[in-house]
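Written below as structure tokens is the structure these notes are about.
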Amino acid sequence: MTNFLVKTLANAAALAVAIWLVADITLTGDSTGRKVLTLVLVALVFGLVNIIVKPVVKLLSFPLFVLTLGLFTLVVNALMLLLTSWICDKLDLSFHVEGFWTAVVGGLIISVVSWAVNLALPDND
């Protein structure tokens with residue numbers, strides 16, 4: 001349970017940094033509390049997408065990972081971010097990623113920040 005909470009907080013922090021740095025990744029809300037709640041819900045959706053969909057996509061695109069020496073990871077991360085944006089739109093959460101290249105930059109930022117936060121936070125099961 002603690003591991004799930006740590007990963008959700010890491011995702012929320014990484015998403016917040018991406019929203020702050022990239023103009024075309026937006027999170028809107030009426031108040032700060034509403035924005036924080038939306039950010040946590042988006043982090044949960046992002047975590048579920050990464051747990052359920054990402055392994056299937058990585059397995060099906062394994063030859064591309066080998067061919068590009070792992071750089072295809074950037075494309076997969078961008079697609080997971082776009083899928084999260086689409087799901088959040090369907091769930092009426094105010095999170096939006098505008099375009100593929102924005103998702104590539106956002107995915108790169110989220111990967112780096114998430115790695116750093118997971119390194120700093122405890123990882124107890």
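In the structure tokens, the first chain shown is A, the next is B, and so on; residue numbers restart at 1 for each chain, and ligands run from 1 in the order shown.
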Please report, as JSON lines, each residue of stretch 26-99 of chain A lying at most 9 Å from stretch 2-18 of chain A, together with the nearest pair of atoms and the separation in Å rounded to one decimal; use only C-alpha atoms, and order rows by chain and ascending residue number.
{"residue": "A:Leu27", "atom": "CA", "partner": "A:Ala16", "partner_atom": "CA", "distance": 8.9}
{"residue": "A:Val36", "atom": "CA", "partner": "A:Ala12", "partner_atom": "CA", "distance": 9.0}
{"residue": "A:Leu39", "atom": "CA", "partner": "A:Ala12", "partner_atom": "CA", "distance": 6.1}
{"residue": "A:Val40", "atom": "CA", "partner": "A:Ala12", "partner_atom": "CA", "distance": 5.8}
{"residue": "A:Leu41", "atom": "CA", "partner": "A:Ala12", "partner_atom": "CA", "distance": 8.7}
{"residue": "A:Val42", "atom": "CA", "partner": "A:Ala12", "partner_atom": "CA", "distance": 7.6}
{"residue": "A:Ala43", "atom": "CA", "partner": "A:Ala12", "partner_atom": "CA", "distance": 5.0}
{"residue": "A:Leu44", "atom": "CA", "partner": "A:Thr8", "partner_atom": "CA", "distance": 6.2}
{"residue": "A:Phe46", "atom": "CA", "partner": "A:Asn11", "partner_atom": "CA", "distance": 7.5}
{"residue": "A:Gly47", "atom": "CA", "partner": "A:Thr8", "partner_atom": "CA", "distance": 6.8}
Report as JSON, numbers by chain all protein, DNA and RNA residues lying within 6 Å of A:Ala78, evaluated on only C-alpha atoms, omitting residues in the same chain fewer than 2 positions from it. {"A": [75, 76, 80, 81, 103, 104, 107]}
Output for the residues just chosen: C-alpha atoms as a JSON list (two decimals), in the first residue's frame:
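Contents of the output file result-v7.json:
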[["chain", "number", "residue", "atom", "x", "y", "z"],
["A", 75, "VAL", "CA", 7.23, 7.31, -28.22],
["A", 76, "VAL", "CA", 5.58, 4.81, -25.85],
["A", 80, "MET", "CA", 0.68, 6.76, -22.58],
["A", 81, "LEU", "CA", 0.45, 10.48, -21.79],
["A", 103, "ALA", "CA", 3.45, 14.56, -25.31],
["A", 104, "VAL", "CA", 7.02, 13.50, -26.20],
["A", 107, "GLY", "CA", 6.78, 12.19, -21.29]]
So that I can check the surroundings of A:Lys35, please list as an mmCIF file with C-alpha atoms, in the first residue's frame every protein, DNA and RNA residue that reaches within 10 Å of it, counting only C-alpha atoms and ignoring chain neighbours fewer than 6 positions away.
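So part.cif came out as:
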data_model
loop_
_atom_site.group_PDB
_atom_site.id
_atom_site.type_symbol
_atom_site.label_atom_id
_atom_site.label_comp_id
_atom_site.auth_asym_id
_atom_site.auth_seq_id
_atom_site.Cartn_x
_atom_site.Cartn_y
_atom_site.Cartn_z
ATOM 1 C CA LEU A 27 -4.675 21.443 -15.897
ATOM 2 C CA THR A 28 -7.503 23.812 -15.059
ATOM 3 C CA GLY A 29 -9.662 24.240 -12.021
ATOM 4 C CA LEU A 41 -6.875 11.854 -9.922
ATOM 5 C CA LEU A 93 -11.133 15.810 -15.582
ATOM 6 C CA SER A 94 -9.610 19.078 -16.735
ATOM 7 C CA PHE A 95 -6.264 17.715 -17.975
#
Would you please work out which residue, of A:Val117, A:Leu48, A:Val105, A:Leu71, is nearest to A:Ile87 when using only C-alpha atoms? A:Leu48
With DSSP run on the backbone, what are the strand (DSSP E or B) residues within stretch 6-111 of chain A? I'd like them as a PyMOL selection string. chain A and resi 25-27+95-97
If we count only C-alpha atoms, what is near A:Gly99 at a cut-off of 12 Å, once residues fewer than 3 positions away on the same chain are taken out, given as an mmCIF file with all heavy atoms, in the first residue's frame?
data_model
loop_
_atom_site.group_PDB
_atom_site.id
_atom_site.type_symbol
_atom_site.label_atom_id
_atom_site.label_comp_id
_atom_site.auth_asym_id
_atom_site.auth_seq_id
_atom_site.Cartn_x
_atom_site.Cartn_y
_atom_site.Cartn_z
ATOM 1 N N VAL A 22 5.669 22.855 -19.622
ATOM 2 C CA VAL A 22 5.208 22.759 -21.009
ATOM 3 C C VAL A 22 3.868 23.492 -21.132
ATOM 4 O O VAL A 22 2.897 23.146 -20.454
ATOM 5 C CB VAL A 22 5.077 21.284 -21.449
ATOM 6 C CG1 VAL A 22 4.644 21.196 -22.896
ATOM 7 C CG2 VAL A 22 6.378 20.538 -21.232
ATOM 8 N N ALA A 23 3.826 24.471 -22.005
ATOM 9 C CA ALA A 23 2.636 25.321 -22.122
ATOM 10 C C ALA A 23 1.413 24.574 -22.647
ATOM 11 O O ALA A 23 0.288 24.923 -22.291
ATOM 12 C CB ALA A 23 2.945 26.506 -23.029
ATOM 13 N N ASP A 24 1.605 23.565 -23.490
ATOM 14 C CA ASP A 24 0.472 22.869 -24.096
ATOM 15 C C ASP A 24 -0.023 21.677 -23.284
ATOM 16 O O ASP A 24 -0.864 20.914 -23.747
ATOM 17 C CB ASP A 24 0.831 22.411 -25.511
ATOM 18 C CG ASP A 24 0.889 23.579 -26.487
ATOM 19 O OD1 ASP A 24 0.240 24.604 -26.206
ATOM 20 O OD2 ASP A 24 1.582 23.471 -27.511
ATOM 21 N N ILE A 25 0.497 21.485 -22.088
ATOM 22 C CA ILE A 25 -0.060 20.508 -21.144
ATOM 23 C C ILE A 25 -0.771 21.328 -20.080
ATOM 24 O O ILE A 25 -0.143 22.103 -19.360
ATOM 25 C CB ILE A 25 1.031 19.624 -20.510
ATOM 26 C CG1 ILE A 25 1.762 18.828 -21.583
ATOM 27 C CG2 ILE A 25 0.401 18.669 -19.491
ATOM 28 C CD1 ILE A 25 2.911 17.991 -21.062
ATOM 29 N N THR A 26 -2.086 21.192 -20.013
ATOM 30 C CA THR A 26 -2.869 22.079 -19.150
ATOM 31 C C THR A 26 -3.675 21.299 -18.122
ATOM 32 O O THR A 26 -4.130 20.182 -18.365
ATOM 33 C CB THR A 26 -3.838 22.934 -19.989
ATOM 34 O OG1 THR A 26 -4.684 22.079 -20.751
ATOM 35 C CG2 THR A 26 -3.090 23.873 -20.902
ATOM 36 N N ALA A 78 5.046 8.938 -24.649
ATOM 37 C CA ALA A 78 4.183 9.978 -25.214
ATOM 38 C C ALA A 78 2.780 9.425 -25.466
ATOM 39 O O ALA A 78 1.780 10.096 -25.177
ATOM 40 C CB ALA A 78 4.781 10.520 -26.508
ATOM 41 N N LEU A 79 2.707 8.221 -25.987
ATOM 42 C CA LEU A 79 1.401 7.615 -26.243
ATOM 43 C C LEU A 79 0.631 7.365 -24.944
ATOM 44 O O LEU A 79 -0.589 7.536 -24.898
ATOM 45 C CB LEU A 79 1.564 6.318 -27.031
ATOM 46 C CG LEU A 79 2.061 6.477 -28.464
ATOM 47 C CD1 LEU A 79 2.316 5.106 -29.097
ATOM 48 C CD2 LEU A 79 1.087 7.276 -29.294
ATOM 49 N N LEU A 81 0.903 9.168 -22.241
ATOM 50 C CA LEU A 81 0.453 10.484 -21.787
ATOM 51 C C LEU A 81 -0.759 10.954 -22.594
ATOM 52 O O LEU A 81 -1.714 11.501 -22.031
ATOM 53 C CB LEU A 81 1.592 11.497 -21.880
ATOM 54 C CG LEU A 81 1.380 12.842 -21.215
ATOM 55 C CD1 LEU A 81 1.071 12.687 -19.730
ATOM 56 C CD2 LEU A 81 2.605 13.715 -21.397
ATOM 57 N N LEU A 82 -0.740 10.717 -23.899
ATOM 58 C CA LEU A 82 -1.907 11.063 -24.732
ATOM 59 C C LEU A 82 -3.127 10.223 -24.355
ATOM 60 O O LEU A 82 -4.254 10.732 -24.333
ATOM 61 C CB LEU A 82 -1.564 10.884 -26.210
ATOM 62 C CG LEU A 82 -0.678 11.962 -26.819
ATOM 63 C CD1 LEU A 82 -0.250 11.561 -28.224
ATOM 64 C CD2 LEU A 82 -1.389 13.301 -26.842
ATOM 65 N N LEU A 83 -2.918 8.946 -24.056
ATOM 66 C CA LEU A 83 -4.025 8.091 -23.628
ATOM 67 C C LEU A 83 -4.589 8.574 -22.295
ATOM 68 O O LEU A 83 -5.811 8.597 -22.098
ATOM 69 C CB LEU A 83 -3.568 6.636 -23.525
ATOM 70 C CG LEU A 83 -4.615 5.619 -23.090
ATOM 71 C CD1 LEU A 83 -5.789 5.586 -24.068
ATOM 72 C CD2 LEU A 83 -3.990 4.240 -22.954
ATOM 73 N N SER A 85 -4.555 11.653 -21.256
ATOM 74 C CA SER A 85 -5.307 12.863 -21.577
ATOM 75 C C SER A 85 -6.692 12.516 -22.133
ATOM 76 O O SER A 85 -7.693 13.139 -21.761
ATOM 77 C CB SER A 85 -4.525 13.701 -22.581
ATOM 78 O OG SER A 85 -5.263 14.814 -22.995
ATOM 79 N N TRP A 86 -6.747 11.516 -22.993
ATOM 80 C CA TRP A 86 -8.026 11.108 -23.582
ATOM 81 C C TRP A 86 -8.968 10.538 -22.521
ATOM 82 O O TRP A 86 -10.158 10.869 -22.486
ATOM 83 C CB TRP A 86 -7.774 10.085 -24.688
ATOM 84 C CG TRP A 86 -9.019 9.613 -25.357
ATOM 85 C CD1 TRP A 86 -9.743 10.268 -26.296
ATOM 86 C CD2 TRP A 86 -9.694 8.371 -25.111
ATOM 87 N NE1 TRP A 86 -10.830 9.509 -26.664
ATOM 88 C CE2 TRP A 86 -10.823 8.337 -25.948
ATOM 89 C CE3 TRP A 86 -9.451 7.292 -24.283
ATOM 90 C CZ2 TRP A 86 -11.700 7.270 -25.973
ATOM 91 C CZ3 TRP A 86 -10.322 6.226 -24.297
ATOM 92 C CH2 TRP A 86 -11.437 6.223 -25.132
ATOM 93 N N HIS A 96 -5.298 18.192 -20.159
ATOM 94 C CA HIS A 96 -5.234 18.045 -21.609
ATOM 95 C C HIS A 96 -3.795 18.186 -22.097
ATOM 96 O O HIS A 96 -3.050 19.042 -21.627
ATOM 97 C CB HIS A 96 -6.104 19.093 -22.299
ATOM 98 C CG HIS A 96 -6.150 18.941 -23.775
ATOM 99 N ND1 HIS A 96 -6.762 17.875 -24.400
ATOM 100 C CD2 HIS A 96 -5.638 19.700 -24.760
ATOM 101 C CE1 HIS A 96 -6.629 18.004 -25.705
ATOM 102 N NE2 HIS A 96 -5.939 19.105 -25.943
ATOM 103 N N THR A 102 4.268 17.568 -28.063
ATOM 104 C CA THR A 102 4.104 18.037 -26.691
ATOM 105 C C THR A 102 4.118 16.854 -25.728
ATOM 106 O O THR A 102 4.724 16.915 -24.659
ATOM 107 C CB THR A 102 2.786 18.820 -26.550
ATOM 108 O OG1 THR A 102 2.792 19.915 -27.450
ATOM 109 C CG2 THR A 102 2.586 19.317 -25.140
ATOM 110 N N ALA A 103 3.469 15.770 -26.137
ATOM 111 C CA ALA A 103 3.450 14.560 -25.306
ATOM 112 C C ALA A 103 4.834 13.944 -25.197
ATOM 113 O O ALA A 103 5.196 13.397 -24.153
ATOM 114 C CB ALA A 103 2.454 13.543 -25.868
ATOM 115 N N VAL A 104 5.643 14.020 -26.263
ATOM 116 C CA VAL A 104 7.015 13.496 -26.201
ATOM 117 C C VAL A 104 7.833 14.281 -25.172
ATOM 118 O O VAL A 104 8.508 13.692 -24.317
ATOM 119 C CB VAL A 104 7.690 13.529 -27.594
ATOM 120 C CG1 VAL A 104 9.165 13.224 -27.484
ATOM 121 C CG2 VAL A 104 7.022 12.552 -28.537
ATOM 122 N N VAL A 105 7.754 15.597 -25.236
ATOM 123 C CA VAL A 105 8.490 16.438 -24.280
ATOM 124 C C VAL A 105 7.959 16.208 -22.863
ATOM 125 O O VAL A 105 8.738 16.056 -21.907
ATOM 126 C CB VAL A 105 8.402 17.928 -24.672
ATOM 127 C CG1 VAL A 105 8.992 18.817 -23.599
ATOM 128 C CG2 VAL A 105 9.081 18.166 -25.998
ATOM 129 N N GLY A 106 6.643 16.169 -22.722
ATOM 130 C CA GLY A 106 6.043 15.917 -21.410
ATOM 131 C C GLY A 106 6.399 14.554 -20.861
ATOM 132 O O GLY A 106 6.686 14.408 -19.669
#
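With distances restricted to only C-alpha atoms, A:Val45 is the closest residue to A:Leu91 from A:Thr32, A:Val45, A:Leu121, A:Ile19.
Put simply, atom CA of A:Thr38 is 11.9 Å away from atom CA of A:Asp89.
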As a PyMOL selection string, list the residues of stretch 23-99 of chain A assigned to helix (DSSP H, G or I) by DSSP on the backbone atoms of this structure. chain A and resi 32-60+62-67+72-90
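For the pair atom CA of A:Ile109 and atom CA of A:Asn77, the interatomic distance is 10.3 Å.
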